[in-house]
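Engineer: This is the structure, below, for whatever I ask next.
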Amino acid sequence: MSYRKNLALARAVALSLGALLPAAATLAAPAVTSVFTTYSAGGTPTAININGSALCSPCTTPTTTTVTVGGTTLTVTSATATVVAANLPLLSDGTYTLVLTAGTTGSFNYDLPIAAKIASGATGATGATGATGATGATGATGATGAAGTAGAAGAAGAAGTAGAKGSTGATGATGATGATGVGSTGATGATGATGATGNTGATGATGLTGNTGAT
């Protein structure tokens, strides 16, 4: 088989494999959201826990993640995608730049405050009572309060004594004449009783003698 044929075959195989293999996924860059500091019993910072996302790539043991604080490389004791733990060297109080590098995906800078915790001493005895201060100036007059609710009605007072009789008033003016009334016609009265029988009249004069009748 010629050299050209071998080269063509190799290219064809490479193209076929490239079509079958999925494209490599883009890895996210690391991001730090918070850092918690661990202290010794004497109050000295000894270690940190770094929280965030994509903090290691790949997350293997030993880890490829590196951490520096103020340019000093720390010993990373454990690393996951969300938490990285590392030991701190002895540092003076101050704010340092923490740089976390997650493999080949990039790095992230974080301002890390460092401050030793000084143990509190025992509480001292209570001091003597101070002298009474001078009287303060009179405060301004307060605002007028709201009106109170109306009180209940008082009991009725006792009846007063009767007053003296007043004098007779003057006679009033004569009132106007009233209108003439118009009465309706009264109903017809009942029939009166029959009157008593009158006295017998005088005997009348004797009448004339009539003519003798024919025989």
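Residues in the structure tokens are numbered from 1 in each chain, the chains being A, B, ... in the order shown, and ligands are numbered from 1 in the order shown.
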Per DSSP on the backbone, filter segment 72-141 of chain A down to the residues in strand (DSSP E or B) and report them as a PyMOL selection string.

Structural biologist: chain A and resi 72-73+75-79+83-87+94-102+107-114

Engineer: Could you dump the residues just selected with N, CA, C and O atoms as a tab-separated table (two decimals), in the first residue's frame?

Structural biologist:
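Result file selection.tsv:
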```tsv
chain	number	residue	atom	x	y	z
A	72	THR	N	2.32	33.15	49.93
A	72	THR	CA	2.82	31.92	50.55
A	72	THR	C	1.91	30.77	50.18
A	72	THR	O	0.68	30.85	50.37
A	73	THR	N	2.51	29.69	49.65
A	73	THR	CA	1.71	28.52	49.26
A	73	THR	C	1.32	27.72	50.50
A	73	THR	O	2.16	27.40	51.35
A	75	THR	N	-0.57	24.38	52.52
A	75	THR	CA	-0.73	22.93	52.36
A	75	THR	C	-2.22	22.63	52.30
A	75	THR	O	-2.96	22.87	53.26
A	76	VAL	N	-2.68	22.12	51.14
A	76	VAL	CA	-4.09	21.77	50.97
A	76	VAL	C	-4.30	20.38	51.54
A	76	VAL	O	-3.66	19.41	51.11
A	77	THR	N	-5.21	20.26	52.54
A	77	THR	CA	-5.44	18.98	53.20
A	77	THR	C	-6.59	18.19	52.58
A	77	THR	O	-6.64	16.98	52.70
A	78	SER	N	-7.52	18.87	51.94
A	78	SER	CA	-8.61	18.19	51.24
A	78	SER	C	-9.23	19.15	50.25
A	78	SER	O	-9.14	20.37	50.42
A	79	ALA	N	-9.84	18.58	49.19
A	79	ALA	CA	-10.45	19.45	48.17
A	79	ALA	C	-11.60	18.73	47.50
A	79	ALA	O	-11.48	17.57	47.08
A	83	VAL	N	-15.67	22.69	48.64
A	83	VAL	CA	-14.93	23.03	49.86
A	83	VAL	C	-13.48	22.62	49.70
A	83	VAL	O	-13.18	21.48	49.30
A	84	VAL	N	-12.58	23.54	50.03
A	84	VAL	CA	-11.14	23.25	50.05
A	84	VAL	C	-10.62	23.63	51.42
A	84	VAL	O	-10.84	24.77	51.90
A	85	ALA	N	-9.90	22.69	52.09
A	85	ALA	CA	-9.32	22.95	53.40
A	85	ALA	C	-7.81	23.07	53.26
A	85	ALA	O	-7.18	22.31	52.52
A	86	ALA	N	-7.22	24.02	54.00
A	86	ALA	CA	-5.78	24.24	53.92
A	86	ALA	C	-5.28	24.76	55.26
A	86	ALA	O	-6.01	25.44	56.00
A	87	ASN	N	-3.99	24.43	55.58
A	87	ASN	CA	-3.37	24.90	56.82
A	87	ASN	C	-2.76	26.28	56.59
A	87	ASN	O	-2.30	26.61	55.50
A	94	GLY	N	-3.90	41.24	59.62
A	94	GLY	CA	-3.98	42.06	58.42
A	94	GLY	C	-4.88	41.39	57.40
A	94	GLY	O	-5.49	40.35	57.66
A	95	THR	N	-4.99	41.99	56.21
A	95	THR	CA	-5.78	41.44	55.12
A	95	THR	C	-4.84	40.97	54.02
A	95	THR	O	-3.98	41.74	53.56
A	96	TYR	N	-5.00	39.71	53.63
A	96	TYR	CA	-4.11	39.09	52.65
A	96	TYR	C	-4.93	38.68	51.41
A	96	TYR	O	-6.12	38.37	51.52
A	97	THR	N	-4.23	38.64	50.28
A	97	THR	CA	-4.88	38.17	49.05
A	97	THR	C	-4.75	36.65	48.98
A	97	THR	O	-3.64	36.11	48.98
A	98	LEU	N	-5.90	35.97	48.99
A	98	LEU	CA	-5.94	34.52	48.83
A	98	LEU	C	-6.16	34.22	47.36
A	98	LEU	O	-7.09	34.76	46.74
A	99	VAL	N	-5.33	33.37	46.79
A	99	VAL	CA	-5.47	32.99	45.39
A	99	VAL	C	-5.67	31.48	45.32
A	99	VAL	O	-4.80	30.71	45.75
A	100	LEU	N	-6.84	31.06	44.82
A	100	LEU	CA	-7.13	29.64	44.64
A	100	LEU	C	-7.06	29.33	43.15
A	100	LEU	O	-7.76	29.96	42.34
A	101	THR	N	-6.22	28.34	42.78
A	101	THR	CA	-6.09	27.92	41.39
A	101	THR	C	-6.58	26.48	41.27
A	101	THR	O	-6.06	25.59	41.96
A	102	ALA	N	-7.60	26.26	40.45
A	102	ALA	CA	-8.20	24.93	40.28
A	102	ALA	C	-7.71	24.31	38.98
A	102	ALA	O	-8.35	24.44	37.92
A	107	SER	N	-8.15	30.73	38.13
A	107	SER	CA	-7.92	31.04	39.54
A	107	SER	C	-8.91	32.10	40.00
A	107	SER	O	-9.57	32.76	39.18
A	108	PHE	N	-9.00	32.26	41.34
A	108	PHE	CA	-9.93	33.22	41.92
A	108	PHE	C	-9.22	33.91	43.08
A	108	PHE	O	-8.61	33.26	43.93
A	109	ASN	N	-9.31	35.26	43.13
A	109	ASN	CA	-8.70	36.04	44.20
A	109	ASN	C	-9.76	36.41	45.24
A	109	ASN	O	-10.91	36.73	44.90
A	110	TYR	N	-9.35	36.38	46.53
A	110	TYR	CA	-10.29	36.67	47.62
A	110	TYR	C	-9.51	37.41	48.71
A	110	TYR	O	-8.40	37.01	49.08
A	111	ASP	N	-10.08	38.51	49.23
A	111	ASP	CA	-9.44	39.25	50.33
A	111	ASP	C	-9.72	38.53	51.64
A	111	ASP	O	-10.89	38.43	52.07
A	112	LEU	N	-8.65	38.03	52.29
A	112	LEU	CA	-8.80	37.23	53.52
A	112	LEU	C	-8.28	38.02	54.72
A	112	LEU	O	-7.07	38.28	54.83
A	113	PRO	N	-9.17	38.41	55.65
A	113	PRO	CA	-8.70	39.10	56.86
A	113	PRO	C	-8.15	38.07	57.86
A	113	PRO	O	-8.76	37.03	58.08
A	114	ILE	N	-7.00	38.38	58.45
A	114	ILE	CA	-6.39	37.53	59.46
A	114	ILE	C	-6.28	38.34	60.74
A	114	ILE	O	-5.73	39.46	60.75
```

Engineer: Which residues are near Ser57 of chain A? Cut-off 9 Å, only C-alpha atoms, ignore same chain within fewer than 6 positions. Put them as an MDAnalysis selection string.

Structural biologist: chainID A and resid 27 30 63:65 81 102:105

Engineer: Residues within 12 Å of Ser40 of chain A, please, as an NGL selection string. Count only C-alpha atoms; anything in the same chain fewer than 2 positions from it doesn't count.

Structural biologist: :A and (37-38 or 42-48 or 87-88 or 90 or 116-119)

Engineer: Take the selection from the previous step and output its residues with N, CA and C atoms, as a PDB file, in the first residue's frame.

Structural biologist:
```
ATOM      1  N   THR A  37     -12.256  30.622  59.152  1.00  0.00           N
ATOM      2  CA  THR A  37     -10.946  30.441  59.762  1.00  0.00           C
ATOM      3  C   THR A  37     -11.071  29.620  61.033  1.00  0.00           C
ATOM      4  N   THR A  38     -10.127  28.652  61.205  1.00  0.00           N
ATOM      5  CA  THR A  38     -10.058  27.838  62.421  1.00  0.00           C
ATOM      6  C   THR A  38      -8.930  28.380  63.291  1.00  0.00           C
ATOM      7  N   GLY A  42      -5.118  29.052  71.783  1.00  0.00           N
ATOM      8  CA  GLY A  42      -4.562  30.350  72.168  1.00  0.00           C
ATOM      9  C   GLY A  42      -5.044  31.496  71.312  1.00  0.00           C
ATOM     10  N   GLY A  43      -5.904  31.216  70.311  1.00  0.00           N
ATOM     11  CA  GLY A  43      -6.470  32.280  69.485  1.00  0.00           C
ATOM     12  C   GLY A  43      -5.717  32.549  68.205  1.00  0.00           C
ATOM     13  N   THR A  44      -4.748  31.664  67.839  1.00  0.00           N
ATOM     14  CA  THR A  44      -3.979  31.872  66.612  1.00  0.00           C
ATOM     15  C   THR A  44      -4.671  31.200  65.431  1.00  0.00           C
ATOM     16  N   PRO A  45      -4.822  31.868  64.269  1.00  0.00           N
ATOM     17  CA  PRO A  45      -5.411  31.225  63.088  1.00  0.00           C
ATOM     18  C   PRO A  45      -4.512  30.078  62.611  1.00  0.00           C
ATOM     19  N   THR A  46      -5.105  28.898  62.425  1.00  0.00           N
ATOM     20  CA  THR A  46      -4.309  27.718  62.049  1.00  0.00           C
ATOM     21  C   THR A  46      -4.729  27.104  60.718  1.00  0.00           C
ATOM     22  N   ALA A  47      -5.983  27.292  60.292  1.00  0.00           N
ATOM     23  CA  ALA A  47      -6.452  26.658  59.055  1.00  0.00           C
ATOM     24  C   ALA A  47      -7.645  27.435  58.510  1.00  0.00           C
ATOM     25  N   ILE A  48      -7.950  27.178  57.237  1.00  0.00           N
ATOM     26  CA  ILE A  48      -9.112  27.815  56.607  1.00  0.00           C
ATOM     27  C   ILE A  48      -9.904  26.769  55.830  1.00  0.00           C
ATOM     28  N   ASN A  87      -3.995  24.427  55.581  1.00  0.00           N
ATOM     29  CA  ASN A  87      -3.367  24.902  56.817  1.00  0.00           C
ATOM     30  C   ASN A  87      -2.764  26.280  56.594  1.00  0.00           C
ATOM     31  N   LEU A  88      -2.793  27.092  57.664  1.00  0.00           N
ATOM     32  CA  LEU A  88      -2.230  28.441  57.586  1.00  0.00           C
ATOM     33  C   LEU A  88      -0.865  28.492  58.266  1.00  0.00           C
ATOM     34  N   LEU A  90       2.053  30.901  60.288  1.00  0.00           N
ATOM     35  CA  LEU A  90       1.914  31.968  61.274  1.00  0.00           C
ATOM     36  C   LEU A  90       1.918  33.302  60.544  1.00  0.00           C
ATOM     37  N   ALA A 116      -5.685  37.485  65.104  1.00  0.00           N
ATOM     38  CA  ALA A 116      -5.622  36.564  66.234  1.00  0.00           C
ATOM     39  C   ALA A 116      -6.697  36.923  67.244  1.00  0.00           C
ATOM     40  N   LYS A 117      -7.213  35.893  67.905  1.00  0.00           N
ATOM     41  CA  LYS A 117      -8.216  36.112  68.946  1.00  0.00           C
ATOM     42  C   LYS A 117      -7.506  36.112  70.299  1.00  0.00           C
ATOM     43  N   ILE A 118      -7.486  37.283  70.950  1.00  0.00           N
ATOM     44  CA  ILE A 118      -6.844  37.408  72.253  1.00  0.00           C
ATOM     45  C   ILE A 118      -7.850  37.013  73.320  1.00  0.00           C
ATOM     46  N   ALA A 119      -7.420  36.064  74.176  1.00  0.00           N
ATOM     47  CA  ALA A 119      -8.325  35.599  75.228  1.00  0.00           C
ATOM     48  C   ALA A 119      -8.623  36.729  76.203  1.00  0.00           C
TER      49      ALA A 119
END
```

Engineer: So the first atom is atom CA of Ala115 of chain A and the second is atom CA of Leu55 of chain A; what is the distance between them in Å, to one decimal place?

Structural biologist: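 Between atom CA of Ala115 of chain A and atom CA of Leu55 of chain A the gap works out to 24.9 Å.
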
Engineer: Kindly give the distance, in Å, that separates atom CA of Ala54 of chain A and atom CA of Thr82 of chain A, rounded to a single decimal.

Structural biologist: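 Between atom CA of Ala54 of chain A and atom CA of Thr82 of chain A the gap is 6.5 Å.
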